[in-house]
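Colleague: I have a structure I would like to understand better, so I am pasting it below and will then ask my questions one at a time.
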Amino acid sequence: TYETTTETVSKAIDGLEQGIASKHKKRVELDTQLKALEAAATSVKPTVDAINAILASFGFTSFKLSVAGDRGDMYRIVRPDGSDARSTLSEGERSFVTFLYFYHMLAGSTSGTGTTEEKVVVFDDPVSSLDADVLFVVSSLIRRVVEQACNGKGSAKQVFVLTHNIYFHKEVS
């Protein structure tokens with residue numbers, strides 16, 4: 001009886017181990033397929049649209065983003081007349097575009113899987129070289145991030161704002 005039971009249990013264990021190995025192999029295959037599909041579906045269009053919506057909501061009209069490249073996986077900065085603004089951007093405009101991209105990435109994911117993780121966000125003097133209008137936009141957006149963190153919404157769990165600009169500090173706080 002012992003030998004029969006031992007043999008039956010051993011066969012059951014072997015069967016379960018083979019089943020686990022088979023399922024693991026299938027999962028690896030499916031993960032590979034998922035990554036390939038996500039790579040094909042990923043586009044900068046949502047980012048471009050979101051940044052343009054932020055610019056429009058604050059009445060900022062000196063430039064906007066548009067999708068570029070054959071696959072639609074790049075963007076470019078254009079002036080209102082449609083001309084390429086890359087070579088004519090001021091230092092402040094470059095800083096502003098960089099900030100907007102960072103702001104948009106806070107809400108999303110940096111991985112292809114689309115999963116977001118909790119973040120500690122540090123804004124290190126984001127307003128150097130910015131004029132008063134852009135300073136207002138940046139301070140308003142940072143206030144949104146802080147409010148979301150305080151309310152437990154969004155992926156930012158803690159926010160640090162570092163600045164030497166007293167006006168910016170007043171606007172953010």
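All residue names refer to the structure tokens as shown: chains lettered A, B, ... in order, residues numbered from 1 in each chain, ligands numbered from 1 in order.
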Could you pull out all residues of chain A with a DSSP call of helix (DSSP H, G or I) and give them as a ChimeraX atom specification?

Modeller: /A:2-41,45-57,86-88,91-107,132-150,166-172

Colleague: Please extract the residues of chain A with a backbone DSSP assignment of strand (DSSP E or B) and present them as a PyMOL selection string.

Modeller: chain A and resi 64-68+74-78+84+119-124+156-162

Colleague: As a list in words, please: the residues near Leu106 of chain A (cut-off 9 Å, only C-alpha atoms, same-chain neighbours under 6 positions excluded).

Modeller: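 Once the nearby chain positions are removed, what remains is Lys119, Val121, Val145, Gly154, Ser155 and Ala156 of chain A.
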
Colleague: Save the residues we just selected, N, CA and C atoms, as a compact mmCIF listing (two decimals), in the first residue's frame?

Modeller:
# COMPACT_ATOMS: atom_id res chain seq x y z
N LYS A 119 5.41 57.54 -6.85
CA LYS A 119 6.59 58.34 -7.14
C LYS A 119 6.80 59.40 -6.06
N VAL A 121 8.25 63.05 -6.19
CA VAL A 121 8.50 64.01 -7.26
C VAL A 121 9.27 65.21 -6.69
N VAL A 145 -0.31 68.92 -9.03
CA VAL A 145 0.42 67.72 -8.60
C VAL A 145 0.39 67.62 -7.08
N GLY A 154 -3.52 60.13 -8.16
CA GLY A 154 -2.33 60.20 -8.99
C GLY A 154 -1.24 59.30 -8.45
N SER A 155 -0.11 59.32 -9.12
CA SER A 155 0.98 58.43 -8.73
C SER A 155 2.01 59.11 -7.83
N ALA A 156 1.94 60.43 -7.68
CA ALA A 156 2.88 61.14 -6.81
C ALA A 156 2.41 61.00 -5.36

Colleague: Tell me, as a list in words, which residues lie within 9 Å of Ile142 of chain A, counting only C-alpha atoms; anything in the same chain fewer than 6 positions away does not count.

Modeller: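 In the requested form, the answer reads Tyr103, Phe123, Val161 and Val172 of chain A.
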
Colleague: Distance atom CA of Leu135 of chain A-atom CA of Leu100 of chain A, one decimal place?

Modeller: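 Atom-to-atom, atom CA of Leu135 of chain A and atom CA of Leu100 of chain A are spaced 12.2 Å apart.
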
Colleague: Using only C-alpha atoms, which residues sit within 10 Å of Lys45 of chain A once same-chain residues fewer than 4 positions away are excluded, as a PDB file with C-alpha atoms, in the first residue's frame?

Modeller:
ATOM      1  CA  ASP A  49      -2.525  66.089 -27.549  1.00  0.00           C
ATOM      2  CA  ALA A  50      -2.277  66.377 -23.756  1.00  0.00           C
ATOM      3  CA  ILE A  51       0.556  68.928 -23.874  1.00  0.00           C
ATOM      4  CA  LEU A  65       3.680  70.116 -30.592  1.00  0.00           C
ATOM      5  CA  SER A  66       2.883  67.967 -33.596  1.00  0.00           C
ATOM      6  CA  VAL A  67       3.504  64.314 -34.383  1.00  0.00           C
ATOM      7  CA  ALA A  68       6.536  63.717 -36.599  1.00  0.00           C
ATOM      8  CA  GLY A  72       4.284  58.577 -35.463  1.00  0.00           C
ATOM      9  CA  ASP A  73       6.703  57.849 -32.631  1.00  0.00           C
ATOM     10  CA  MET A  74       8.304  61.287 -32.482  1.00  0.00           C
ATOM     11  CA  TYR A  75       7.110  64.821 -32.056  1.00  0.00           C
TER      12      TYR A  75
END

Colleague: Hey, what's within 12 Å of Asp131 of chain A if we count only C-alpha atoms and toss same-chain stuff fewer than 6 positions away? As a PyMOL selection string, please?

Modeller: chain A and resi 90-93+95-96+137-138+167-168

Colleague: Just want the 12 Å neighbourhood of segment 61-63 of chain A, counted on only C-alpha atoms, with same-chain residues fewer than 3 positions away dropped. Output as an mmCIF file with N, CA, C and O atoms, in the first residue's frame.

Modeller:
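Saved to out-v7.cif:
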data_model
loop_
_atom_site.group_PDB
_atom_site.id
_atom_site.type_symbol
_atom_site.label_atom_id
_atom_site.label_comp_id
_atom_site.auth_asym_id
_atom_site.auth_seq_id
_atom_site.Cartn_x
_atom_site.Cartn_y
_atom_site.Cartn_z
ATOM 1 N N ILE A 51 -0.267 67.725 -24.046
ATOM 2 C CA ILE A 51 0.556 68.928 -23.874
ATOM 3 C C ILE A 51 -0.067 70.102 -24.620
ATOM 4 O O ILE A 51 -0.133 71.222 -24.091
ATOM 5 N N ASN A 52 -0.575 69.873 -25.830
ATOM 6 C CA ASN A 52 -1.247 70.948 -26.569
ATOM 7 C C ASN A 52 -2.498 71.421 -25.845
ATOM 8 O O ASN A 52 -2.816 72.615 -25.864
ATOM 9 N N ALA A 53 -3.214 70.506 -25.195
ATOM 10 C CA ALA A 53 -4.398 70.894 -24.424
ATOM 11 C C ALA A 53 -4.010 71.776 -23.240
ATOM 12 O O ALA A 53 -4.699 72.761 -22.933
ATOM 13 N N ILE A 54 -2.907 71.451 -22.588
ATOM 14 C CA ILE A 54 -2.425 72.287 -21.470
ATOM 15 C C ILE A 54 -2.055 73.671 -21.997
ATOM 16 O O ILE A 54 -2.443 74.692 -21.407
ATOM 17 N N LEU A 55 -1.322 73.708 -23.097
ATOM 18 C CA LEU A 55 -0.930 74.998 -23.680
ATOM 19 C C LEU A 55 -2.167 75.825 -24.024
ATOM 20 O O LEU A 55 -2.230 77.017 -23.713
ATOM 21 N N ALA A 56 -3.145 75.201 -24.655
ATOM 22 C CA ALA A 56 -4.368 75.919 -25.059
ATOM 23 C C ALA A 56 -5.169 76.381 -23.845
ATOM 24 O O ALA A 56 -5.706 77.490 -23.839
ATOM 25 N N SER A 57 -5.242 75.548 -22.808
ATOM 26 C CA SER A 57 -6.047 75.917 -21.640
ATOM 27 C C SER A 57 -5.493 77.139 -20.914
ATOM 28 O O SER A 57 -6.235 77.864 -20.264
ATOM 29 N N PHE A 58 -4.196 77.381 -21.045
ATOM 30 C CA PHE A 58 -3.593 78.554 -20.427
ATOM 31 C C PHE A 58 -3.382 79.686 -21.424
ATOM 32 O O PHE A 58 -2.748 80.693 -21.100
ATOM 33 N N SER A 66 3.564 68.762 -32.579
ATOM 34 C CA SER A 66 2.883 67.967 -33.596
ATOM 35 C C SER A 66 3.626 66.647 -33.737
ATOM 36 O O SER A 66 4.814 66.547 -33.422
ATOM 37 N N ARG A 76 7.496 67.035 -32.848
ATOM 38 C CA ARG A 76 8.303 68.211 -33.136
ATOM 39 C C ARG A 76 7.573 69.428 -32.602
ATOM 40 O O ARG A 76 6.353 69.398 -32.395
ATOM 41 N N ILE A 77 8.318 70.480 -32.404
ATOM 42 C CA ILE A 77 7.770 71.730 -31.891
ATOM 43 C C ILE A 77 7.608 72.672 -33.065
ATOM 44 O O ILE A 77 8.549 72.876 -33.843
ATOM 45 N N VAL A 78 6.402 73.225 -33.209
ATOM 46 C CA VAL A 78 6.116 74.106 -34.342
ATOM 47 C C VAL A 78 5.551 75.428 -33.850
ATOM 48 O O VAL A 78 4.922 75.512 -32.796
ATOM 49 N N ARG A 79 5.786 76.455 -34.629
ATOM 50 C CA ARG A 79 5.221 77.783 -34.380
ATOM 51 C C ARG A 79 3.787 77.800 -34.913
ATOM 52 O O ARG A 79 3.381 76.899 -35.669
ATOM 53 N N PRO A 80 3.011 78.824 -34.566
ATOM 54 C CA PRO A 80 1.616 78.880 -35.039
ATOM 55 C C PRO A 80 1.474 78.825 -36.560
ATOM 56 O O PRO A 80 0.480 78.321 -37.075
ATOM 57 N N ASP A 81 2.490 79.301 -37.300
ATOM 58 C CA ASP A 81 2.421 79.264 -38.763
ATOM 59 C C ASP A 81 2.831 77.899 -39.336
ATOM 60 O O ASP A 81 2.848 77.701 -40.543
ATOM 61 N N GLY A 82 3.179 76.937 -38.466
ATOM 62 C CA GLY A 82 3.554 75.597 -38.907
ATOM 63 C C GLY A 82 5.035 75.390 -39.118
ATOM 64 O O GLY A 82 5.475 74.280 -39.414
ATOM 65 N N SER A 83 5.829 76.445 -38.972
ATOM 66 C CA SER A 83 7.275 76.313 -39.175
ATOM 67 C C SER A 83 7.918 75.606 -37.980
ATOM 68 O O SER A 83 7.439 75.686 -36.857
ATOM 69 N N ASP A 84 9.009 74.913 -38.247
ATOM 70 C CA ASP A 84 9.735 74.191 -37.217
ATOM 71 C C ASP A 84 10.353 75.191 -36.240
ATOM 72 O O ASP A 84 11.043 76.121 -36.645
ATOM 73 N N ALA A 85 10.107 74.989 -34.949
ATOM 74 C CA ALA A 85 10.571 75.936 -33.939
ATOM 75 C C ALA A 85 11.829 75.468 -33.226
ATOM 76 O O ALA A 85 12.317 76.157 -32.329
ATOM 77 N N ARG A 86 12.363 74.327 -33.608
ATOM 78 C CA ARG A 86 13.504 73.760 -32.888
ATOM 79 C C ARG A 86 14.677 74.733 -32.778
ATOM 80 O O ARG A 86 15.255 74.910 -31.712
ATOM 81 N N THR A 88 14.629 78.005 -33.133
ATOM 82 C CA THR A 88 14.282 79.355 -32.682
ATOM 83 C C THR A 88 13.725 79.394 -31.265
ATOM 84 O O THR A 88 13.291 80.458 -30.817
ATOM 85 N N LEU A 89 13.739 78.281 -30.565
ATOM 86 C CA LEU A 89 13.213 78.273 -29.199
ATOM 87 C C LEU A 89 14.155 79.018 -28.263
ATOM 88 O O LEU A 89 15.374 78.833 -28.308
ATOM 89 N N SER A 90 13.569 79.826 -27.406
ATOM 90 C CA SER A 90 14.380 80.489 -26.386
ATOM 91 C C SER A 90 14.700 79.473 -25.284
ATOM 92 O O SER A 90 14.120 78.387 -25.226
ATOM 93 N N GLY A 92 13.946 79.742 -22.207
ATOM 94 C CA GLY A 92 12.732 79.596 -21.403
ATOM 95 C C GLY A 92 11.722 78.662 -22.043
ATOM 96 O O GLY A 92 11.093 77.853 -21.367
ATOM 97 N N GLU A 93 11.561 78.762 -23.362
ATOM 98 C CA GLU A 93 10.626 77.869 -24.062
ATOM 99 C C GLU A 93 11.106 76.424 -23.994
ATOM 100 O O GLU A 93 10.305 75.505 -23.804
ATOM 101 N N ARG A 94 12.399 76.213 -24.108
ATOM 102 C CA ARG A 94 12.942 74.855 -23.986
ATOM 103 C C ARG A 94 12.693 74.299 -22.590
ATOM 104 O O ARG A 94 12.294 73.144 -22.432
ATOM 105 N N PHE A 96 10.318 75.188 -20.630
ATOM 106 C CA PHE A 96 8.875 75.002 -20.512
ATOM 107 C C PHE A 96 8.435 73.690 -21.173
ATOM 108 O O PHE A 96 7.667 72.918 -20.599
ATOM 109 N N VAL A 97 8.936 73.410 -22.368
ATOM 110 C CA VAL A 97 8.592 72.153 -23.050
ATOM 111 C C VAL A 97 9.073 70.964 -22.222
ATOM 112 O O VAL A 97 8.356 69.975 -22.051
ATOM 113 N N ASP A 133 4.258 84.846 -17.462
ATOM 114 C CA ASP A 133 3.121 84.048 -17.923
ATOM 115 C C ASP A 133 3.396 82.556 -17.774
ATOM 116 O O ASP A 133 2.548 81.802 -17.303
ATOM 117 N N VAL A 134 4.575 82.148 -18.188
ATOM 118 C CA VAL A 134 4.931 80.736 -18.099
ATOM 119 C C VAL A 134 5.112 80.339 -16.638
ATOM 120 O O VAL A 134 4.733 79.244 -16.231
#

Colleague: From the set A:His169, A:Lys157, A:Thr98, A:Asp31, which residue has the shortest atom-to-atom contact distance to Glu117 of chain A, counting only C-alpha atoms?

Modeller: A:Lys157

Colleague: With distances taken over only C-alpha atoms, which residue among A:Glu147, A:Ser173, A:Val122, A:Ala132 lies nearest Phe160 of chain A?

Modeller: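 With only C-alpha atoms as the atom set, the closest residue is A:Val122.
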